[in-house]
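Visitor: Okay, so here is coords-v7.csv, and as you'll see once you scroll down, it has CSV, N, CA and C atoms.
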```csv
chain,number,residue,atom,x,y,z
C,272,LYS,N,-11.0,-4.4,34.0
C,272,LYS,CA,-11.3,-3.6,32.8
C,272,LYS,C,-10.3,-2.4,32.9
C,273,ILE,N,-9.8,-2.0,31.7
C,273,ILE,CA,-9.0,-0.8,31.5
C,273,ILE,C,-9.3,-0.2,30.2
C,274,GLN,N,-9.0,1.1,30.1
C,274,GLN,CA,-9.2,1.8,28.8
C,274,GLN,C,-7.8,1.9,28.1
C,275,LEU,N,-7.8,1.5,26.8
C,275,LEU,CA,-6.7,1.7,26.0
C,275,LEU,C,-7.1,2.3,24.7
C,276,GLY,N,-6.6,3.4,24.3
C,276,GLY,CA,-7.0,4.0,23.0
C,276,GLY,C,-8.4,4.3,22.9
C,277,GLY,N,-9.1,4.6,24.0
C,277,GLY,CA,-10.5,4.9,24.0
C,277,GLY,C,-11.4,3.6,24.0
C,278,LYS,N,-10.8,2.5,24.0
C,278,LYS,CA,-11.6,1.2,24.0
C,278,LYS,C,-11.4,0.5,25.3
C,279,GLU,N,-12.5,-0.2,25.7
C,279,GLU,CA,-12.4,-0.9,27.0
C,279,GLU,C,-11.9,-2.3,26.7
C,280,PHE,N,-10.8,-2.6,27.4
C,280,PHE,CA,-10.1,-3.9,27.4
C,280,PHE,C,-10.2,-4.6,28.7
C,281,TYR,N,-10.2,-5.9,28.7
C,281,TYR,CA,-10.0,-6.7,29.9
C,281,TYR,C,-8.5,-7.2,30.0
C,282,LYS,N,-8.0,-7.1,31.2
C,282,LYS,CA,-6.6,-7.4,31.4
C,282,LYS,C,-6.4,-8.5,32.3
C,283,MET,N,-5.4,-9.4,32.0
C,283,MET,CA,-5.0,-10.5,32.8
C,283,MET,C,-3.5,-10.5,33.0
C,284,SER,N,-3.0,-10.5,34.2
C,284,SER,CA,-1.6,-10.4,34.5
C,284,SER,C,-1.1,-11.8,35.0
C,285,VAL,N,0.0,-12.3,34.5
C,285,VAL,CA,0.5,-13.6,34.9
C,285,VAL,C,2.0,-13.5,35.0
C,286,ILE,N,2.6,-14.5,35.8
C,286,ILE,CA,4.0,-14.7,35.9
C,286,ILE,C,4.3,-16.1,35.4
C,287,ASN,N,5.1,-16.2,34.4
C,287,ASN,CA,5.5,-17.5,33.8
C,287,ASN,C,6.9,-17.8,34.2
C,288,PRO,N,7.2,-18.7,35.1
C,288,PRO,CA,8.6,-19.1,35.4
C,288,PRO,C,9.1,-20.1,34.3
C,289,ILE,N,10.1,-19.7,33.6
C,289,ILE,CA,10.7,-20.5,32.5
C,289,ILE,C,12.2,-20.6,32.9
C,290,ASN,N,12.6,-21.9,33.1
C,290,ASN,CA,14.0,-22.2,33.4
C,290,ASN,C,14.5,-21.4,34.6
C,291,GLY,N,13.6,-21.2,35.6
C,291,GLY,CA,14.0,-20.4,36.8
C,291,GLY,C,14.0,-18.9,36.7
C,292,VAL,N,13.5,-18.4,35.5
C,292,VAL,CA,13.4,-17.0,35.3
C,292,VAL,C,12.0,-16.6,35.2
C,293,ALA,N,11.6,-15.6,36.0
C,293,ALA,CA,10.2,-15.1,36.0
C,293,ALA,C,10.0,-14.2,34.8
C,294,ILE,N,9.1,-14.6,33.9
C,294,ILE,CA,8.6,-13.8,32.8
C,294,ILE,C,7.3,-13.2,33.1
C,295,TYR,N,7.2,-11.9,33.2
C,295,TYR,CA,5.9,-11.2,33.6
C,295,TYR,C,5.2,-10.9,32.3
C,296,GLN,N,3.9,-11.1,32.3
C,296,GLN,CA,3.1,-10.9,31.1
C,296,GLN,C,1.7,-10.3,31.5
C,297,ASP,N,1.3,-9.4,30.6
C,297,ASP,CA,-0.1,-8.8,30.6
C,297,ASP,C,-0.7,-9.2,29.3
C,298,PHE,N,-1.9,-9.7,29.4
C,298,PHE,CA,-2.8,-10.0,28.3
C,298,PHE,C,-3.9,-9.0,28.3
C,299,TYR,N,-4.2,-8.5,27.1
C,299,TYR,CA,-5.3,-7.5,27.0
C,299,TYR,C,-6.3,-8.1,25.9
C,300,ALA,N,-7.6,-8.0,26.1
C,300,ALA,CA,-8.5,-8.5,25.1
C,300,ALA,C,-9.8,-7.6,25.0
C,301,THR,N,-10.3,-7.5,23.8
C,301,THR,CA,-11.6,-6.8,23.6
C,301,THR,C,-12.2,-7.2,22.3
C,302,ILE,N,-13.4,-6.7,22.0
C,302,ILE,CA,-14.0,-6.9,20.7
C,302,ILE,C,-14.2,-5.6,20.1
C,303,ILE,N,-13.7,-5.4,18.8
C,303,ILE,CA,-13.9,-4.1,18.1
C,303,ILE,C,-14.5,-4.5,16.7
C,304,ASN,N,-15.6,-3.9,16.5
C,304,ASN,CA,-16.3,-4.1,15.2
C,304,ASN,C,-16.5,-5.6,14.9
C,305,GLY,N,-16.8,-6.4,15.9
C,305,GLY,CA,-17.0,-7.8,15.8
C,305,GLY,C,-15.8,-8.7,15.7
C,306,PHE,N,-14.6,-8.1,15.8
C,306,PHE,CA,-13.4,-8.9,15.8
C,306,PHE,C,-12.7,-8.9,17.1
C,307,GLY,N,-12.1,-10.1,17.5
C,307,GLY,CA,-11.4,-10.2,18.7
C,307,GLY,C,-10.0,-9.5,18.5
C,308,VAL,N,-9.6,-8.6,19.5
C,308,VAL,CA,-8.4,-7.9,19.4
C,308,VAL,C,-7.6,-8.3,20.7
C,309,THR,N,-6.4,-8.8,20.6
C,309,THR,CA,-5.6,-9.1,21.8
C,309,THR,C,-4.2,-8.5,21.7
C,310,LEU,N,-3.7,-8.1,22.8
C,310,LEU,CA,-2.4,-7.6,23.0
C,310,LEU,C,-1.7,-8.4,24.1
C,311,LEU,N,-0.4,-8.6,23.9
C,311,LEU,CA,0.4,-9.3,24.9
C,311,LEU,C,1.7,-8.5,25.2
C,312,SER,N,2.0,-8.2,26.4
C,312,SER,CA,3.3,-7.6,26.7
C,312,SER,C,4.0,-8.5,27.7
C,313,SER,N,5.3,-8.6,27.5
C,313,SER,CA,6.2,-9.4,28.3
C,313,SER,C,7.4,-8.7,28.7
C,314,TRP,N,7.9,-8.9,30.0
C,314,TRP,CA,9.1,-8.2,30.5
C,314,TRP,C,9.7,-9.0,31.6
C,315,LEU,N,11.0,-8.6,31.8
C,315,LEU,CA,11.8,-9.3,32.9
C,315,LEU,C,12.0,-8.4,34.1
C,316,ASP,N,12.0,-7.1,33.9
C,316,ASP,CA,12.3,-6.2,35.1
C,316,ASP,C,11.4,-5.0,35.0
C,317,GLU,N,11.5,-4.2,36.1
C,317,GLU,CA,10.7,-3.0,36.2
C,317,GLU,C,10.9,-2.0,35.1
C,318,ARG,N,12.1,-1.8,34.7
C,318,ARG,CA,12.4,-0.8,33.7
C,318,ARG,C,11.8,-1.2,32.3
C,319,GLN,N,11.9,-2.5,32.0
C,319,GLN,CA,11.2,-3.0,30.8
C,319,GLN,C,9.7,-2.8,30.9
C,320,GLN,N,9.1,-3.1,32.0
C,320,GLN,CA,7.7,-2.9,32.2
C,320,GLN,C,7.3,-1.4,32.0
C,321,GLU,N,8.1,-0.5,32.5
C,321,GLU,CA,7.8,0.9,32.4
C,321,GLU,C,7.7,1.3,30.9
C,322,VAL,N,8.7,0.9,30.1
C,322,VAL,CA,8.8,1.2,28.7
C,322,VAL,C,7.6,0.6,28.0
C,323,ILE,N,7.3,-0.7,28.2
C,323,ILE,CA,6.2,-1.3,27.5
C,323,ILE,C,4.9,-0.7,27.9
C,324,GLN,N,4.7,-0.4,29.2
C,324,GLN,CA,3.4,0.1,29.6
C,324,GLN,C,3.2,1.5,29.0
C,325,TYR,N,4.3,2.3,28.9
C,325,TYR,CA,4.1,3.6,28.3
C,325,TYR,C,3.7,3.5,26.8
C,326,GLN,N,4.2,2.5,26.1
C,326,GLN,CA,3.9,2.3,24.7
C,326,GLN,C,2.4,1.9,24.6
C,327,ILE,N,2.0,1.0,25.4
C,327,ILE,CA,0.6,0.5,25.4
C,327,ILE,C,-0.4,1.6,25.7
C,328,GLU,N,0.0,2.5,26.6
C,328,GLU,CA,-0.9,3.6,26.9
C,328,GLU,C,-1.0,4.6,25.8
C,329,GLN,N,-0.1,4.6,24.8
C,329,GLN,CA,-0.1,5.5,23.7
C,329,GLN,C,-0.9,5.0,22.5
C,330,LEU,N,-1.5,3.8,22.6
C,330,LEU,CA,-2.3,3.2,21.6
C,330,LEU,C,-3.4,4.0,21.2
C,331,GLN,N,-3.7,4.1,19.8
C,331,GLN,CA,-4.8,4.8,19.3
C,331,GLN,C,-5.4,3.9,18.2
C,332,PHE,N,-6.7,3.8,18.2
C,332,PHE,CA,-7.4,3.0,17.2
C,332,PHE,C,-8.1,3.9,16.2
C,333,LYS,N,-7.8,3.8,14.9
C,333,LYS,CA,-8.5,4.5,13.9
C,333,LYS,C,-9.3,3.6,13.1
C,334,LEU,N,-10.6,3.6,13.4
C,334,LEU,CA,-11.5,2.6,12.8
C,334,LEU,C,-12.4,3.3,11.7
C,335,GLY,N,-12.4,2.6,10.5
C,335,GLY,CA,-13.2,3.0,9.4
C,335,GLY,C,-14.6,2.4,9.5
C,336,LYS,N,-15.4,2.7,8.5
C,336,LYS,CA,-16.8,2.1,8.5
C,336,LYS,C,-16.7,0.8,7.9
```
As structure tokens, what does this structure read like?
Guide:
Amino acid sequence: KIQLGGKEFYKMSVINPINGVAIYQDFYATIINGFGVTLLSSWLDERQQEVIQYQIEQLQFKLGK
């Protein structure tokens, strides 16, 4: 479990080898207002992961009624 934008998400991390190249991925999932919300991030190296992780941590949810 992790917090993103004030919402609790479940996170699964995987490594998908494709043609000998490791593709790193994080999957995030939650339910908001009865709807399934998923996010997926993919990267090849540590620098890409840092950039993507920073952006994910900046998420905000503006939910109406």
Visitor: What lies within 6.5 Å of stretch 291-298 of chain C using all atoms listed in the file, ignoring chain neighbours under 4 positions off, as a PyMOL selection string?
Guide: chain C and resi 281-287+310-315
Visitor: Quick one, how far is atom C of C:Leu330 from atom N of C:Leu275?
Guide: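 One can read the atom C of C:Leu330 to atom N of C:Leu275 distance as 7.5 Å.
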Visitor: Please report the interatomic distance between atom CA of C:Gly276 and atom CA of C:Ile323 in Å with one decimal.
Guide: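 Going from atom CA of C:Gly276 over to atom CA of C:Ile323, I get 14.9 Å.
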Visitor: Can you check which residues of chain C DSSP gives as alpha helix (DSSP H) on the backbone and send them as a list in words?
Guide: Glu317, Arg318, Gln319, Gln320, Glu321, Val322, Ile323, Gln324, Tyr325, Gln326, Ile327 and Glu328 of chain C
Visitor: Quick one: distance from atom C of C:Leu334 to atom CA of C:Ala300 in Å, one decimal?
Guide: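 According to the coordinates, atom C of C:Leu334 and atom CA of C:Ala300 are separated by 18.3 Å.
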Visitor: Would you list, as an MDAnalysis selection string, the residues of chain C that end up in strand (DSSP E or B) under DSSP run on this structure's backbone?
Guide: chainID C and resid 273:275 278:289 292:303 306:314
Visitor: Assuming the input is short of atoms at stretch 294-317 of chain C, produce N, CA, C and O atoms for that part as a PDB file, in the frame of the given file.
Guide:
```pdb
ATOM      1  N   ILE C 294       9.100 -14.600  33.900  1.00  0.00           N
ATOM      2  CA  ILE C 294       8.600 -13.800  32.800  1.00  0.00           C
ATOM      3  C   ILE C 294       7.300 -13.200  33.100  1.00  0.00           C
ATOM      4  O   ILE C 294       6.307 -13.942  33.368  1.00  0.00           O
ATOM      5  N   TYR C 295       7.200 -11.900  33.200  1.00  0.00           N
ATOM      6  CA  TYR C 295       5.900 -11.200  33.600  1.00  0.00           C
ATOM      7  C   TYR C 295       5.200 -10.900  32.300  1.00  0.00           C
ATOM      8  O   TYR C 295       5.813 -10.454  31.315  1.00  0.00           O
ATOM      9  N   GLN C 296       3.900 -11.100  32.300  1.00  0.00           N
ATOM     10  CA  GLN C 296       3.100 -10.900  31.100  1.00  0.00           C
ATOM     11  C   GLN C 296       1.700 -10.300  31.500  1.00  0.00           C
ATOM     12  O   GLN C 296       1.146 -10.603  32.473  1.00  0.00           O
ATOM     13  N   ASP C 297       1.300  -9.400  30.600  1.00  0.00           N
ATOM     14  CA  ASP C 297      -0.100  -8.800  30.600  1.00  0.00           C
ATOM     15  C   ASP C 297      -0.700  -9.200  29.300  1.00  0.00           C
ATOM     16  O   ASP C 297      -0.171  -8.953  28.251  1.00  0.00           O
ATOM     17  N   PHE C 298      -1.900  -9.700  29.400  1.00  0.00           N
ATOM     18  CA  PHE C 298      -2.800 -10.000  28.300  1.00  0.00           C
ATOM     19  C   PHE C 298      -3.900  -9.000  28.300  1.00  0.00           C
ATOM     20  O   PHE C 298      -4.573  -8.846  29.305  1.00  0.00           O
ATOM     21  N   TYR C 299      -4.200  -8.500  27.100  1.00  0.00           N
ATOM     22  CA  TYR C 299      -5.300  -7.500  27.000  1.00  0.00           C
ATOM     23  C   TYR C 299      -6.300  -8.100  25.900  1.00  0.00           C
ATOM     24  O   TYR C 299      -5.779  -8.510  24.829  1.00  0.00           O
ATOM     25  N   ALA C 300      -7.600  -8.000  26.100  1.00  0.00           N
ATOM     26  CA  ALA C 300      -8.500  -8.500  25.100  1.00  0.00           C
ATOM     27  C   ALA C 300      -9.800  -7.600  25.000  1.00  0.00           C
ATOM     28  O   ALA C 300     -10.238  -7.124  26.051  1.00  0.00           O
ATOM     29  N   THR C 301     -10.300  -7.500  23.800  1.00  0.00           N
ATOM     30  CA  THR C 301     -11.600  -6.800  23.600  1.00  0.00           C
ATOM     31  C   THR C 301     -12.200  -7.200  22.300  1.00  0.00           C
ATOM     32  O   THR C 301     -11.555  -7.974  21.515  1.00  0.00           O
ATOM     33  N   ILE C 302     -13.400  -6.700  22.000  1.00  0.00           N
ATOM     34  CA  ILE C 302     -14.000  -6.900  20.700  1.00  0.00           C
ATOM     35  C   ILE C 302     -14.200  -5.600  20.100  1.00  0.00           C
ATOM     36  O   ILE C 302     -14.738  -4.655  20.711  1.00  0.00           O
ATOM     37  N   ILE C 303     -13.700  -5.400  18.800  1.00  0.00           N
ATOM     38  CA  ILE C 303     -13.900  -4.100  18.100  1.00  0.00           C
ATOM     39  C   ILE C 303     -14.500  -4.500  16.700  1.00  0.00           C
ATOM     40  O   ILE C 303     -13.902  -5.284  16.001  1.00  0.00           O
ATOM     41  N   ASN C 304     -15.600  -3.900  16.500  1.00  0.00           N
ATOM     42  CA  ASN C 304     -16.300  -4.100  15.200  1.00  0.00           C
ATOM     43  C   ASN C 304     -16.500  -5.600  14.900  1.00  0.00           C
ATOM     44  O   ASN C 304     -16.329  -6.099  13.767  1.00  0.00           O
ATOM     45  N   GLY C 305     -16.800  -6.400  15.900  1.00  0.00           N
ATOM     46  CA  GLY C 305     -17.000  -7.800  15.800  1.00  0.00           C
ATOM     47  C   GLY C 305     -15.800  -8.700  15.700  1.00  0.00           C
ATOM     48  O   GLY C 305     -15.870  -9.918  15.479  1.00  0.00           O
ATOM     49  N   PHE C 306     -14.600  -8.100  15.800  1.00  0.00           N
ATOM     50  CA  PHE C 306     -13.400  -8.900  15.800  1.00  0.00           C
ATOM     51  C   PHE C 306     -12.700  -8.900  17.100  1.00  0.00           C
ATOM     52  O   PHE C 306     -12.680  -7.897  17.848  1.00  0.00           O
ATOM     53  N   GLY C 307     -12.100 -10.100  17.500  1.00  0.00           N
ATOM     54  CA  GLY C 307     -11.400 -10.200  18.700  1.00  0.00           C
ATOM     55  C   GLY C 307     -10.000  -9.500  18.500  1.00  0.00           C
ATOM     56  O   GLY C 307      -9.327  -9.748  17.552  1.00  0.00           O
ATOM     57  N   VAL C 308      -9.600  -8.600  19.500  1.00  0.00           N
ATOM     58  CA  VAL C 308      -8.400  -7.900  19.400  1.00  0.00           C
ATOM     59  C   VAL C 308      -7.600  -8.300  20.700  1.00  0.00           C
ATOM     60  O   VAL C 308      -8.179  -8.109  21.814  1.00  0.00           O
ATOM     61  N   THR C 309      -6.400  -8.800  20.600  1.00  0.00           N
ATOM     62  CA  THR C 309      -5.600  -9.100  21.800  1.00  0.00           C
ATOM     63  C   THR C 309      -4.200  -8.500  21.700  1.00  0.00           C
ATOM     64  O   THR C 309      -3.702  -8.268  20.613  1.00  0.00           O
ATOM     65  N   LEU C 310      -3.700  -8.100  22.800  1.00  0.00           N
ATOM     66  CA  LEU C 310      -2.400  -7.600  23.000  1.00  0.00           C
ATOM     67  C   LEU C 310      -1.700  -8.400  24.100  1.00  0.00           C
ATOM     68  O   LEU C 310      -2.312  -8.800  25.029  1.00  0.00           O
ATOM     69  N   LEU C 311      -0.400  -8.600  23.900  1.00  0.00           N
ATOM     70  CA  LEU C 311       0.400  -9.300  24.900  1.00  0.00           C
ATOM     71  C   LEU C 311       1.700  -8.500  25.200  1.00  0.00           C
ATOM     72  O   LEU C 311       2.367  -8.097  24.210  1.00  0.00           O
ATOM     73  N   SER C 312       2.000  -8.200  26.400  1.00  0.00           N
ATOM     74  CA  SER C 312       3.300  -7.600  26.700  1.00  0.00           C
ATOM     75  C   SER C 312       4.000  -8.500  27.700  1.00  0.00           C
ATOM     76  O   SER C 312       3.418  -9.137  28.557  1.00  0.00           O
ATOM     77  N   SER C 313       5.300  -8.600  27.500  1.00  0.00           N
ATOM     78  CA  SER C 313       6.200  -9.400  28.300  1.00  0.00           C
ATOM     79  C   SER C 313       7.400  -8.700  28.700  1.00  0.00           C
ATOM     80  O   SER C 313       7.955  -7.896  27.938  1.00  0.00           O
ATOM     81  N   TRP C 314       7.900  -8.900  30.000  1.00  0.00           N
ATOM     82  CA  TRP C 314       9.100  -8.200  30.500  1.00  0.00           C
ATOM     83  C   TRP C 314       9.700  -9.000  31.600  1.00  0.00           C
ATOM     84  O   TRP C 314       9.154  -9.894  32.135  1.00  0.00           O
ATOM     85  N   LEU C 315      11.000  -8.600  31.800  1.00  0.00           N
ATOM     86  CA  LEU C 315      11.800  -9.300  32.900  1.00  0.00           C
ATOM     87  C   LEU C 315      12.000  -8.400  34.100  1.00  0.00           C
ATOM     88  O   LEU C 315      12.199  -8.955  35.180  1.00  0.00           O
ATOM     89  N   ASP C 316      12.000  -7.100  33.900  1.00  0.00           N
ATOM     90  CA  ASP C 316      12.300  -6.200  35.100  1.00  0.00           C
ATOM     91  C   ASP C 316      11.400  -5.000  35.000  1.00  0.00           C
ATOM     92  O   ASP C 316      10.736  -4.735  34.042  1.00  0.00           O
ATOM     93  N   GLU C 317      11.500  -4.200  36.100  1.00  0.00           N
ATOM     94  CA  GLU C 317      10.700  -3.000  36.200  1.00  0.00           C
ATOM     95  C   GLU C 317      10.900  -2.000  35.100  1.00  0.00           C
ATOM     96  O   GLU C 317       9.948  -1.379  34.650  1.00  0.00           O
TER      97      GLU C 317
END
```
